[in-house]
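Novice: Data file my_file13.csv (CSV, C-alpha atoms) is appended below.
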```csv
chain,number,residue,atom,x,y,z
K,1,MET,CA,60.4,-13.3,-10.8
K,2,LYS,CA,60.5,-10.3,-8.4
K,3,ARG,CA,59.6,-7.9,-11.2
K,4,LEU,CA,56.7,-10.2,-12.2
K,5,ALA,CA,55.4,-10.5,-8.6
K,6,PHE,CA,55.6,-6.7,-8.2
K,7,THR,CA,53.7,-6.2,-11.5
K,8,ILE,CA,51.0,-8.6,-10.3
K,9,LEU,CA,50.8,-6.8,-7.0
K,10,LEU,CA,50.4,-3.4,-8.7
K,11,SER,CA,47.7,-4.9,-11.0
K,12,ALA,CA,45.8,-6.2,-8.0
K,13,LEU,CA,46.0,-2.9,-6.1
K,14,ALA,CA,44.8,-1.0,-9.2
K,15,ALA,CA,41.9,-3.4,-9.6
K,16,ALA,CA,41.0,-3.0,-5.9
K,17,ALA,CA,41.1,0.8,-6.2
K,18,ALA,CA,38.9,0.7,-9.3
K,19,ALA,CA,36.4,-1.4,-7.5
K,20,GLU,CA,36.3,1.1,-4.6
K,21,ASP,CA,35.6,3.8,-7.1
K,22,ARG,CA,32.5,2.0,-8.6
K,23,LEU,CA,29.2,1.7,-6.9
K,24,THR,CA,26.5,-0.5,-8.2
K,25,ILE,CA,22.9,0.4,-7.3
K,26,ALA,CA,19.9,-1.8,-8.0
K,27,THR,CA,16.2,-2.4,-7.6
K,28,TRP,CA,14.4,-5.7,-6.9
K,29,ASN,CA,10.7,-6.2,-6.2
K,30,MET,CA,10.6,-9.4,-4.2
K,31,GLU,CA,6.9,-10.3,-4.6
K,32,TRP,CA,5.3,-10.4,-1.2
K,33,LEU,CA,8.4,-11.7,0.5
K,34,MET,CA,7.8,-12.8,4.1
K,35,THR,CA,8.8,-15.7,6.3
K,36,PRO,CA,6.8,-18.9,6.0
K,37,ALA,CA,5.8,-18.5,9.6
K,38,THR,CA,4.4,-15.0,9.0
K,39,PHE,CA,2.5,-16.1,5.9
K,40,ASP,CA,1.0,-19.1,7.8
K,41,ALA,CA,-0.1,-16.8,10.6
K,42,LEU,CA,-1.8,-14.3,8.3
K,43,ALA,CA,-3.4,-16.8,5.8
K,44,PRO,CA,-6.4,-17.9,7.9
K,45,ALA,CA,-7.6,-14.3,8.2
K,46,CYS,CA,-6.8,-13.2,4.7
K,47,ALA,CA,-8.6,-10.2,3.2
K,48,GLY,CA,-11.3,-10.9,0.6
K,49,MET,CA,-12.0,-8.9,-2.5
K,50,GLY,CA,-12.8,-5.3,-1.8
K,51,LEU,CA,-11.1,-5.2,1.6
K,52,ARG,CA,-8.0,-3.0,2.0
K,53,VAL,CA,-4.7,-4.7,2.5
K,54,GLY,CA,-2.5,-1.6,1.9
K,55,GLY,CA,-3.0,0.2,5.1
K,56,SER,CA,-1.2,-0.2,8.4
K,57,GLU,CA,-2.8,-3.6,9.2
K,58,ARG,CA,-0.8,-6.8,8.7
K,59,ALA,CA,-2.9,-8.7,6.2
K,60,ILE,CA,-2.6,-10.5,2.9
K,61,PRO,CA,-5.2,-10.8,0.2
K,62,CYS,CA,-6.8,-14.2,-0.1
K,63,ASN,CA,-5.8,-14.6,-3.8
K,64,LEU,CA,-2.2,-15.1,-2.5
K,65,VAL,CA,-3.1,-18.2,-0.5
K,66,PRO,CA,-1.4,-20.6,-0.8
K,67,ALA,CA,0.4,-20.0,-4.1
K,68,SER,CA,2.5,-17.0,-3.0
K,69,ARG,CA,3.9,-18.6,0.1
K,70,TRP,CA,7.7,-18.5,0.1
K,71,SER,CA,9.0,-21.8,1.6
K,72,GLU,CA,12.3,-22.3,3.3
K,73,GLU,CA,13.6,-24.0,0.2
K,74,ASP,CA,12.5,-20.9,-1.9
K,75,LEU,CA,14.4,-18.6,0.6
K,76,SER,CA,17.5,-20.8,0.3
K,77,ARG,CA,17.3,-20.5,-3.5
K,78,LEU,CA,16.9,-16.7,-3.3
K,79,ARG,CA,19.8,-16.5,-0.9
K,80,GLY,CA,22.0,-18.5,-3.3
K,81,PHE,CA,21.1,-16.2,-6.2
K,82,ALA,CA,21.6,-13.1,-4.1
K,83,ALA,CA,25.1,-14.2,-3.2
K,84,THR,CA,26.0,-14.0,-6.9
K,85,LEU,CA,24.7,-10.4,-7.4
K,86,GLU,CA,27.6,-8.0,-7.7
K,87,LEU,CA,25.6,-5.2,-6.2
K,88,ASP,CA,26.4,-2.6,-3.5
K,89,VAL,CA,23.0,-1.1,-2.6
K,90,ILE,CA,19.7,-2.7,-3.6
K,91,ALA,CA,16.3,-1.0,-3.3
K,92,LEU,CA,13.8,-3.7,-2.2
K,93,GLN,CA,10.0,-3.6,-2.6
K,94,GLU,CA,7.2,-5.9,-1.3
K,95,THR,CA,9.4,-7.1,1.5
K,96,ASP,CA,8.3,-7.6,5.1
K,97,GLY,CA,11.3,-5.8,6.6
K,98,ALA,CA,14.8,-6.7,7.7
K,99,GLU,CA,14.0,-10.0,9.3
K,100,VAL,CA,13.1,-11.8,6.1
K,101,ALA,CA,15.5,-9.7,4.0
K,102,SER,CA,18.4,-11.0,6.2
K,103,LEU,CA,17.5,-14.5,5.2
K,104,VAL,CA,18.2,-13.6,1.6
K,105,PHE,CA,21.0,-11.1,2.3
K,106,PRO,CA,22.7,-12.4,5.4
K,107,ASP,CA,25.8,-10.3,4.9
K,108,ARG,CA,24.1,-6.9,4.5
K,109,THR,CA,22.7,-4.2,6.6
K,110,PHE,CA,19.2,-2.7,6.0
K,111,CYS,CA,17.2,0.5,6.0
K,112,PHE,CA,13.5,-0.2,5.7
K,113,THR,CA,10.3,1.9,6.1
K,114,SER,CA,8.6,1.4,9.4
K,115,ARG,CA,5.0,0.5,8.2
K,116,ARG,CA,3.4,-2.4,10.1
K,117,HIS,CA,2.1,-3.7,6.8
K,118,VAL,CA,3.8,-6.8,5.3
K,119,GLN,CA,4.8,-4.8,2.2
K,120,ASN,CA,7.6,-2.4,2.9
K,121,VAL,CA,10.4,-0.8,0.8
K,122,GLY,CA,13.9,-0.4,1.9
K,123,PHE,CA,17.6,-0.9,1.1
K,124,ALA,CA,20.0,-3.8,1.5
K,125,ILE,CA,23.5,-2.3,1.8
K,126,ARG,CA,26.9,-3.9,1.5
K,127,ARG,CA,28.7,-3.8,4.8
K,128,GLY,CA,31.4,-1.2,5.0
K,129,ILE,CA,29.5,1.4,3.0
K,130,PRO,CA,28.8,4.4,5.3
K,131,TYR,CA,25.1,5.4,5.3
K,132,ARG,CA,22.3,7.1,7.2
K,133,CYS,CA,18.7,6.1,7.2
K,134,ASN,CA,16.6,9.2,6.9
K,135,ALA,CA,13.0,9.6,8.0
K,136,ASP,CA,10.4,7.6,6.0
K,137,TYR,CA,9.0,9.7,3.1
K,138,ARG,CA,5.5,9.1,4.4
K,139,ALA,CA,3.8,11.6,2.1
K,140,LEU,CA,3.9,9.1,-0.7
K,141,GLY,CA,1.5,7.0,1.2
K,142,LEU,CA,-1.2,9.8,0.8
K,143,PRO,CA,-3.5,10.6,3.8
K,144,ASP,CA,-5.2,7.3,4.0
K,145,ASN,CA,-1.9,5.3,3.8
K,146,THR,CA,-3.2,3.0,1.1
K,147,VAL,CA,0.2,2.8,-0.7
K,148,ARG,CA,3.8,2.5,0.4
K,149,TRP,CA,6.0,5.1,1.9
K,150,GLY,CA,9.4,5.9,0.4
K,151,ALA,CA,12.6,4.8,2.0
K,152,ASP,CA,15.1,7.7,2.1
K,153,LEU,CA,18.8,6.8,2.4
K,154,THR,CA,22.0,8.9,2.4
K,155,LEU,CA,25.2,7.1,1.3
K,156,TYR,CA,28.7,8.4,2.3
K,157,PRO,CA,27.2,11.1,4.5
K,158,GLY,CA,29.5,14.1,5.1
K,159,THR,CA,31.9,13.2,2.3
K,160,PRO,CA,32.4,14.4,-1.3
K,161,ARG,CA,30.7,11.1,-2.3
K,162,GLU,CA,27.5,11.8,-0.4
K,163,MET,CA,24.4,10.9,-2.4
K,164,ARG,CA,20.7,10.6,-1.6
K,165,LEU,CA,18.6,7.6,-2.7
K,166,LEU,CA,14.8,7.2,-2.5
K,167,ALA,CA,13.3,3.7,-2.9
K,168,VAL,CA,9.7,3.7,-4.1
K,169,HIS,CA,6.9,1.4,-4.8
K,170,LEU,CA,4.2,3.5,-6.4
K,171,LYS,CA,0.5,2.6,-6.9
K,172,ALA,CA,-0.1,-0.4,-9.2
K,173,ALA,CA,-2.7,-1.0,-12.0
K,174,CYS,CA,-2.2,2.1,-14.0
K,175,SER,CA,1.0,1.4,-15.9
K,176,ARG,CA,-0.2,2.4,-19.4
K,177,ASP,CA,-3.2,4.6,-19.2
K,178,PRO,CA,-3.1,8.4,-18.9
K,179,LEU,CA,-3.1,9.4,-15.2
K,180,THR,CA,-6.3,11.3,-16.0
K,181,TYR,CA,-8.1,8.0,-16.8
K,182,ALA,CA,-11.3,7.6,-14.8
K,183,GLN,CA,-10.1,4.7,-12.8
K,184,PRO,CA,-9.2,4.8,-9.0
K,185,ASP,CA,-5.7,3.4,-9.3
K,186,CYS,CA,-4.8,6.0,-11.9
K,187,GLY,CA,-6.1,8.7,-9.6
K,188,ILE,CA,-4.0,7.5,-6.7
K,189,LEU,CA,-0.9,7.3,-8.8
K,190,GLN,CA,-1.6,10.8,-10.2
K,191,GLN,CA,-1.7,12.1,-6.6
K,192,GLN,CA,1.7,10.6,-5.9
K,193,VAL,CA,3.4,12.3,-8.8
K,194,PRO,CA,3.7,15.8,-7.4
K,195,ILE,CA,4.7,14.4,-4.0
K,196,LEU,CA,7.5,12.5,-5.7
K,197,GLU,CA,8.4,15.6,-7.7
K,198,ASP,CA,8.7,17.6,-4.4
K,199,TRP,CA,11.4,15.2,-3.2
K,200,ILE,CA,13.2,15.4,-6.5
K,201,ASP,CA,13.1,19.2,-6.7
K,202,LEU,CA,14.3,19.6,-3.1
K,203,ARG,CA,17.3,17.4,-3.9
K,204,ALA,CA,18.0,19.4,-7.1
K,205,LYS,CA,17.7,22.8,-5.3
K,206,ASN,CA,20.2,21.5,-2.7
K,207,ASP,CA,22.6,20.5,-5.6
K,208,ASP,CA,22.6,16.9,-4.2
K,209,ALA,CA,23.7,13.8,-6.1
K,210,PHE,CA,20.5,11.7,-6.0
K,211,ALA,CA,18.5,8.9,-7.5
K,212,VAL,CA,14.9,7.5,-7.2
K,213,ILE,CA,14.9,3.8,-7.7
K,214,GLY,CA,12.3,1.1,-7.4
K,215,ASP,CA,8.9,0.0,-8.8
K,216,PHE,CA,7.2,3.0,-10.3
K,217,ASN,CA,4.5,0.7,-11.7
K,218,ARG,CA,4.7,2.9,-14.8
K,219,ARG,CA,5.7,2.3,-18.4
K,220,PHE,CA,7.7,5.4,-19.2
K,221,ASP,CA,8.0,4.3,-22.8
K,222,ARG,CA,4.2,4.8,-23.2
K,223,GLU,CA,4.3,8.4,-22.1
K,224,ARG,CA,4.8,10.2,-25.4
K,225,ASP,CA,2.3,13.1,-24.7
K,226,ALA,CA,2.6,16.2,-22.6
K,227,ALA,CA,2.9,16.0,-18.8
K,228,ARG,CA,-0.5,17.8,-18.4
K,229,ASP,CA,-3.7,17.9,-20.3
K,230,ALA,CA,-5.6,20.9,-21.5
K,231,HIS,CA,-7.1,21.3,-18.0
K,232,GLY,CA,-3.8,21.3,-16.3
K,233,ARG,CA,-4.2,17.9,-14.8
K,234,ILE,CA,-1.1,15.6,-14.6
K,235,ALA,CA,-1.5,13.0,-17.4
K,236,ALA,CA,2.0,11.5,-17.6
K,237,MET,CA,4.6,10.9,-14.8
K,238,TRP,CA,7.9,11.0,-16.7
K,239,PRO,CA,7.6,14.4,-18.4
K,240,GLU,CA,6.1,15.8,-15.2
K,241,ILE,CA,9.1,14.8,-13.0
K,242,ASP,CA,11.7,15.3,-15.7
K,243,ASP,CA,11.0,19.0,-16.3
K,244,GLY,CA,14.5,20.3,-15.6
K,245,GLU,CA,13.2,22.8,-13.0
K,246,PRO,CA,15.3,23.3,-11.0
K,247,ALA,CA,18.3,22.5,-13.2
K,248,GLY,CA,19.4,19.4,-11.2
K,249,ALA,CA,16.0,17.9,-11.9
K,250,ASP,CA,17.0,17.1,-15.5
K,251,LEU,CA,16.6,13.4,-15.0
K,252,THR,CA,18.1,10.3,-16.7
K,253,ASN,CA,16.3,6.9,-16.8
K,254,ALA,CA,19.2,4.6,-16.8
K,255,GLY,CA,17.4,1.9,-18.8
K,256,ALA,CA,15.7,4.1,-21.3
K,257,ASP,CA,17.8,2.9,-24.2
K,258,HIS,CA,17.8,-0.8,-23.2
K,259,GLY,CA,14.3,-1.6,-24.4
K,260,ALA,CA,12.5,-4.8,-23.2
K,261,ILE,CA,14.1,-6.7,-20.4
K,262,GLY,CA,14.0,-10.4,-19.6
K,263,CYS,CA,15.4,-12.3,-16.7
K,264,GLY,CA,13.9,-15.7,-17.3
K,265,LEU,CA,10.4,-14.4,-17.0
K,266,GLY,CA,9.9,-13.4,-20.7
K,267,LYS,CA,10.7,-10.0,-22.1
K,268,SER,CA,8.6,-7.0,-21.5
K,269,MET,CA,9.1,-3.2,-21.0
K,270,PRO,CA,10.0,-2.4,-17.4
K,271,ILE,CA,7.9,-0.7,-14.8
K,272,ASP,CA,10.9,-0.7,-12.5
K,273,HIS,CA,13.4,2.1,-13.0
K,274,LEU,CA,16.6,3.7,-11.9
K,275,VAL,CA,16.2,7.4,-12.3
K,276,LEU,CA,19.2,9.6,-11.7
K,277,GLY,CA,19.4,13.3,-11.1
K,278,ARG,CA,21.7,15.3,-13.3
K,279,LYS,CA,24.7,15.2,-10.9
K,280,LEU,CA,24.6,11.5,-10.5
K,281,ALA,CA,23.8,10.8,-14.2
K,282,ARG,CA,27.1,12.4,-15.2
K,283,ARG,CA,28.8,9.6,-13.3
K,284,MET,CA,26.7,6.7,-14.7
K,285,ILE,CA,29.1,4.2,-16.4
K,286,PRO,CA,28.0,3.8,-20.0
K,287,GLY,CA,26.7,0.3,-20.8
K,288,SER,CA,26.5,-0.7,-17.2
K,289,TYR,CA,22.7,-1.0,-17.1
K,290,ARG,CA,21.8,-4.7,-16.5
K,291,ALA,CA,18.9,-7.0,-16.0
K,292,TRP,CA,20.1,-10.0,-14.0
K,293,GLU,CA,19.0,-13.5,-15.3
K,294,TYR,CA,17.4,-15.9,-12.9
K,295,PRO,CA,18.8,-19.4,-12.8
K,296,ASP,CA,16.7,-22.2,-14.4
K,297,GLY,CA,14.3,-24.0,-12.1
K,298,GLY,CA,12.3,-23.1,-9.0
K,299,ARG,CA,10.2,-20.1,-8.2
K,300,TRP,CA,11.5,-16.5,-8.6
K,301,PRO,CA,10.0,-13.0,-7.9
K,302,ASP,CA,7.9,-11.6,-10.8
K,303,HIS,CA,10.2,-8.6,-11.3
K,304,CYS,CA,13.8,-8.6,-12.6
K,305,VAL,CA,16.8,-7.3,-10.6
K,306,LEU,CA,18.0,-4.2,-12.5
K,307,SER,CA,21.2,-2.4,-11.8
K,308,VAL,CA,23.5,0.4,-13.0
K,309,ASP,CA,27.1,1.4,-12.1
K,310,ILE,CA,28.2,4.8,-10.8
K,311,ASP,CA,31.8,6.1,-11.0
K,312,LEU,CA,32.4,7.3,-7.5
K,313,GLY,CA,35.9,8.6,-8.4
K,314,GLY,CA,34.2,11.4,-10.4
K,315,LEU,CA,31.9,12.6,-7.7
K,316,ASN,CA,34.4,14.9,-6.1
K,317,GLY,CA,33.8,18.6,-7.0
K,318,LEU,CA,30.6,18.0,-9.0
```
Mind turning this structure into structure tokens?

Specialist:
Amino acid sequence: MKRLAFTILLSALAAAAAAEDRLTIATWNMEWLMTPATFDALAPACAGMGLRVGGSERAIPCNLVPASRWSEEDLSRLRGFAATLELDVIALQETDGAEVASLVFPDRTFCFTSRRHVQNVGFAIRRGIPYRCNADYRALGLPDNTVRWGADLTLYPGTPREMRLLAVHLKAACSRDPLTYAQPDCGILQQQVPILEDWIDLRAKNDDAFAVIGDFNRRFDRERDAARDAHGRIAAMWPEIDDGEPAGADLTNAGADHGAIGCGLGKSMPIDHLVLGRKLARRMIPGSYRAWEYPDGGRWPDHCVLSVDIDLGGLNGL
């Protein structure tokens, strides 16, 4: 009996050590998540068609009223689902900051961008993981601030496991067309690409372990042509950022081989991605990419939760 108890103890310790050496990172667009009180306060003065709702003002478009209101019952449902997610760090989009995020993730800490607008990006972080919130990557907002800033996070700062994560929510409504397409949304997304690449290239030059995760609003599977057109204009995002220059900017899209995803919403090709720099991609656990299924019944965000596992034990010395 003593030998059996000792064997069980060793197995438990080994399992705990293995869990400590694995980090699961994820992305989740939460579809205009705000408290019912915030929604009710903004609804009477909603912005009509043609009016900006992406700047620094706190406003919601009228086409969200009332259907996009998250009720207390909805928040409770999301909280129950979130409690089942075996995730360490989650990049969140379309979320009105830590107040409402804490209603869904009551046992986590947060690192959000500081925009006044009700749509922010940020991270929900499992307690106990060392981290540092870096300055907002405001350049992604472009000069007129019509789109979201990036949330910049360092995990395990000052240790061999240190890594840099950027959460993004890039411009919508140009997921398939070439970025050179004569349409304002494509033009905005096109302007964001070199700014995103600047962040990636700096991390690569510094030999950082890094990832960019979130809602890219872009179907990478559609980008089969060259990064630039005959006039040198950026036409495709993925080949532009995945150019291998510098060497660490040789990127891996964790879900590239997965194909269409479905989480109870119907299957489609993703516009949300987990993009790993070369150093972190080497530690991606094969087969760990996952789209989490929503339970039956009730309302759910219109994007899936996507995750991938990283082998932290292999980060030393890379």

Novice: Just the number, please: distance in Å from atom CA of Val305 of chain K to atom CA of Ala291 of chain K, one decimal.

Specialist: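 Calculated distance between atom CA of Val305 of chain K and atom CA of Ala291 of chain K is 5.8 Å.
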
Novice: Using only C-alpha atoms, which residue out of K:Val212, K:Ala172, K:Val118, K:Ile285 lies closest to Ile241 of chain K?

Specialist: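 Between K:Val212, K:Ala172, K:Val118, K:Ile285, the residue approaching Ile241 of chain K most closely is K:Val212.
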
Novice: Out of K:Ile188, K:Glu293, K:Ile234, K:Ala43, which residue has the shortest atom-to-atom distance to Ala67 of chain K when counting all atoms listed in the file?

Specialist: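 Closest candidate: K:Ala43.
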
Novice: Quick check, in Å to one decimal: how far apart do atom CA of Asp96 of chain K and atom CA of Ile60 of chain K lie?

Specialist: 11.5 Å

Novice: With a distance cut-off of 10 Å and only C-alpha atoms, select the neighbouring residues of Tyr181 of chain K, excluding the residue or stretch itself and same-chain residues fewer than 6 positions from it, and output the selection as a VMD selection string.

Specialist: chain K and resid 174 187 190 235

Novice: Counting all atoms listed in the file, what is within 7 Å of Leu276 of chain K, bar same-chain residues fewer than 5 positions away, as a list of chain:residue names?

Specialist: K:Phe210, K:Ala211, K:Val212, K:Leu251, K:Thr252, K:Asn253, K:Ala281

Novice: I want to know what sits within 12 Å of Cys46 of chain K, based on only C-alpha atoms, with residues of the same chain fewer than 6 positions away left out; could you give that as a PDB file with C-alpha atoms, in the coordinates of the input?

Specialist:
```pdb
ATOM      1  CA  PHE K  39       2.500 -16.100   5.900  1.00  0.00           C
ATOM      2  CA  ASP K  40       1.000 -19.100   7.800  1.00  0.00           C
ATOM      3  CA  ARG K  52      -8.000  -3.000   2.000  1.00  0.00           C
ATOM      4  CA  VAL K  53      -4.700  -4.700   2.500  1.00  0.00           C
ATOM      5  CA  GLU K  57      -2.800  -3.600   9.200  1.00  0.00           C
ATOM      6  CA  ARG K  58      -0.800  -6.800   8.700  1.00  0.00           C
ATOM      7  CA  ALA K  59      -2.900  -8.700   6.200  1.00  0.00           C
ATOM      8  CA  ILE K  60      -2.600 -10.500   2.900  1.00  0.00           C
ATOM      9  CA  PRO K  61      -5.200 -10.800   0.200  1.00  0.00           C
ATOM     10  CA  CYS K  62      -6.800 -14.200  -0.100  1.00  0.00           C
ATOM     11  CA  ASN K  63      -5.800 -14.600  -3.800  1.00  0.00           C
ATOM     12  CA  LEU K  64      -2.200 -15.100  -2.500  1.00  0.00           C
ATOM     13  CA  VAL K  65      -3.100 -18.200  -0.500  1.00  0.00           C
ATOM     14  CA  PRO K  66      -1.400 -20.600  -0.800  1.00  0.00           C
TER      15      PRO K  66
END
```

Novice: Just the residues within 8 Å of Leu92 of chain K, please, counting only C-alpha atoms, with nothing from its chain fewer than 3 positions along; format it as a list in words.

Specialist: Thr27, Trp28, Asn29, Met30, Thr95, Val121, Gly122, Phe123, Ala124, Ala167 and Gly214 of chain K

Novice: Please produce segment 54-84 of chain K, completed to N, CA and C atoms, as a PDB file, in the frame of the given file.

Specialist:
```pdb
ATOM      1  N   GLY K  54      -3.643  -2.540   2.087  1.00  0.00           N
ATOM      2  CA  GLY K  54      -2.500  -1.600   1.900  1.00  0.00           C
ATOM      3  C   GLY K  54      -2.334  -0.629   2.980  1.00  0.00           C
ATOM      4  N   GLY K  55      -3.099  -0.709   4.024  1.00  0.00           N
ATOM      5  CA  GLY K  55      -3.000   0.200   5.100  1.00  0.00           C
ATOM      6  C   GLY K  55      -1.932  -0.219   6.114  1.00  0.00           C
ATOM      7  N   SER K  56      -2.150   0.125   7.383  1.00  0.00           N
ATOM      8  CA  SER K  56      -1.200  -0.200   8.400  1.00  0.00           C
ATOM      9  C   SER K  56      -1.379  -1.614   8.973  1.00  0.00           C
ATOM     10  N   GLU K  57      -2.514  -2.234   8.666  1.00  0.00           N
ATOM     11  CA  GLU K  57      -2.800  -3.600   9.200  1.00  0.00           C
ATOM     12  C   GLU K  57      -1.878  -4.605   8.568  1.00  0.00           C
ATOM     13  N   ARG K  58      -1.608  -5.677   9.293  1.00  0.00           N
ATOM     14  CA  ARG K  58      -0.800  -6.800   8.700  1.00  0.00           C
ATOM     15  C   ARG K  58      -1.829  -7.811   8.197  1.00  0.00           C
ATOM     16  N   ALA K  59      -1.975  -7.824   6.886  1.00  0.00           N
ATOM     17  CA  ALA K  59      -2.900  -8.700   6.200  1.00  0.00           C
ATOM     18  C   ALA K  59      -2.446  -9.005   4.836  1.00  0.00           C
ATOM     19  N   ILE K  60      -2.883 -10.129   4.297  1.00  0.00           N
ATOM     20  CA  ILE K  60      -2.600 -10.500   2.900  1.00  0.00           C
ATOM     21  C   ILE K  60      -3.890 -10.795   2.198  1.00  0.00           C
ATOM     22  N   PRO K  61      -3.972 -10.529   0.897  1.00  0.00           N
ATOM     23  CA  PRO K  61      -5.200 -10.800   0.200  1.00  0.00           C
ATOM     24  C   PRO K  61      -5.349 -12.351  -0.019  1.00  0.00           C
ATOM     25  N   CYS K  62      -6.580 -12.795  -0.036  1.00  0.00           N
ATOM     26  CA  CYS K  62      -6.800 -14.200  -0.100  1.00  0.00           C
ATOM     27  C   CYS K  62      -6.357 -14.834  -1.439  1.00  0.00           C
ATOM     28  N   ASN K  63      -6.238 -14.023  -2.491  1.00  0.00           N
ATOM     29  CA  ASN K  63      -5.800 -14.600  -3.800  1.00  0.00           C
ATOM     30  C   ASN K  63      -4.309 -14.975  -3.749  1.00  0.00           C
ATOM     31  N   LEU K  64      -3.603 -14.641  -2.666  1.00  0.00           N
ATOM     32  CA  LEU K  64      -2.200 -15.100  -2.500  1.00  0.00           C
ATOM     33  C   LEU K  64      -2.083 -16.445  -1.886  1.00  0.00           C
ATOM     34  N   VAL K  65      -3.170 -16.920  -1.303  1.00  0.00           N
ATOM     35  CA  VAL K  65      -3.100 -18.200  -0.500  1.00  0.00           C
ATOM     36  C   VAL K  65      -3.573 -19.337  -1.361  1.00  0.00           C
ATOM     37  N   PRO K  66      -2.767 -20.401  -1.424  1.00  0.00           N
ATOM     38  CA  PRO K  66      -1.400 -20.600  -0.800  1.00  0.00           C
ATOM     39  C   PRO K  66      -0.293 -20.327  -1.778  1.00  0.00           C
ATOM     40  N   ALA K  67      -0.588 -19.965  -3.044  1.00  0.00           N
ATOM     41  CA  ALA K  67       0.400 -20.000  -4.100  1.00  0.00           C
ATOM     42  C   ALA K  67       1.597 -19.060  -3.860  1.00  0.00           C
ATOM     43  N   SER K  68       1.389 -17.961  -3.139  1.00  0.00           N
ATOM     44  CA  SER K  68       2.500 -17.000  -3.000  1.00  0.00           C
ATOM     45  C   SER K  68       3.290 -17.171  -1.723  1.00  0.00           C
ATOM     46  N   ARG K  69       3.145 -18.286  -1.093  1.00  0.00           N
ATOM     47  CA  ARG K  69       3.900 -18.600   0.100  1.00  0.00           C
ATOM     48  C   ARG K  69       5.375 -18.926  -0.300  1.00  0.00           C
ATOM     49  N   TRP K  70       6.327 -18.199   0.292  1.00  0.00           N
ATOM     50  CA  TRP K  70       7.700 -18.500   0.100  1.00  0.00           C
ATOM     51  C   TRP K  70       8.162 -19.556   1.114  1.00  0.00           C
ATOM     52  N   SER K  71       8.593 -20.710   0.655  1.00  0.00           N
ATOM     53  CA  SER K  71       9.000 -21.800   1.600  1.00  0.00           C
ATOM     54  C   SER K  71      10.465 -21.580   1.974  1.00  0.00           C
ATOM     55  N   GLU K  72      10.900 -22.383   2.931  1.00  0.00           N
ATOM     56  CA  GLU K  72      12.300 -22.300   3.300  1.00  0.00           C
ATOM     57  C   GLU K  72      13.217 -22.695   2.166  1.00  0.00           C
ATOM     58  N   GLU K  73      12.776 -23.640   1.345  1.00  0.00           N
ATOM     59  CA  GLU K  73      13.600 -24.000   0.200  1.00  0.00           C
ATOM     60  C   GLU K  73      13.651 -22.832  -0.809  1.00  0.00           C
ATOM     61  N   ASP K  74      12.531 -22.114  -0.984  1.00  0.00           N
ATOM     62  CA  ASP K  74      12.500 -20.900  -1.900  1.00  0.00           C
ATOM     63  C   ASP K  74      13.513 -19.873  -1.335  1.00  0.00           C
ATOM     64  N   LEU K  75      13.469 -19.633  -0.025  1.00  0.00           N
ATOM     65  CA  LEU K  75      14.400 -18.600   0.600  1.00  0.00           C
ATOM     66  C   LEU K  75      15.820 -19.014   0.384  1.00  0.00           C
ATOM     67  N   SER K  76      16.094 -20.305   0.492  1.00  0.00           N
ATOM     68  CA  SER K  76      17.500 -20.800   0.300  1.00  0.00           C
ATOM     69  C   SER K  76      17.894 -20.533  -1.170  1.00  0.00           C
ATOM     70  N   ARG K  77      16.979 -20.742  -2.115  1.00  0.00           N
ATOM     71  CA  ARG K  77      17.300 -20.500  -3.500  1.00  0.00           C
ATOM     72  C   ARG K  77      17.544 -19.021  -3.775  1.00  0.00           C
ATOM     73  N   LEU K  78      16.697 -18.164  -3.192  1.00  0.00           N
ATOM     74  CA  LEU K  78      16.900 -16.700  -3.300  1.00  0.00           C
ATOM     75  C   LEU K  78      18.226 -16.301  -2.721  1.00  0.00           C
ATOM     76  N   ARG K  79      18.565 -16.886  -1.574  1.00  0.00           N
ATOM     77  CA  ARG K  79      19.800 -16.500  -0.900  1.00  0.00           C
ATOM     78  C   ARG K  79      21.019 -16.912  -1.776  1.00  0.00           C
ATOM     79  N   GLY K  80      20.959 -18.075  -2.400  1.00  0.00           N
ATOM     80  CA  GLY K  80      22.000 -18.500  -3.300  1.00  0.00           C
ATOM     81  C   GLY K  80      22.196 -17.567  -4.473  1.00  0.00           C
ATOM     82  N   PHE K  81      21.064 -17.158  -5.052  1.00  0.00           N
ATOM     83  CA  PHE K  81      21.100 -16.200  -6.200  1.00  0.00           C
ATOM     84  C   PHE K  81      21.634 -14.873  -5.739  1.00  0.00           C
ATOM     85  N   ALA K  82      21.148 -14.376  -4.607  1.00  0.00           N
ATOM     86  CA  ALA K  82      21.600 -13.100  -4.100  1.00  0.00           C
ATOM     87  C   ALA K  82      23.069 -13.010  -3.877  1.00  0.00           C
ATOM     88  N   ALA K  83      23.652 -14.134  -3.474  1.00  0.00           N
ATOM     89  CA  ALA K  83      25.100 -14.200  -3.200  1.00  0.00           C
ATOM     90  C   ALA K  83      25.898 -13.962  -4.498  1.00  0.00           C
ATOM     91  N   THR K  84      25.288 -14.187  -5.657  1.00  0.00           N
ATOM     92  CA  THR K  84      26.000 -14.000  -6.900  1.00  0.00           C
ATOM     93  C   THR K  84      25.852 -12.590  -7.471  1.00  0.00           C
TER      94      THR K  84
END
```
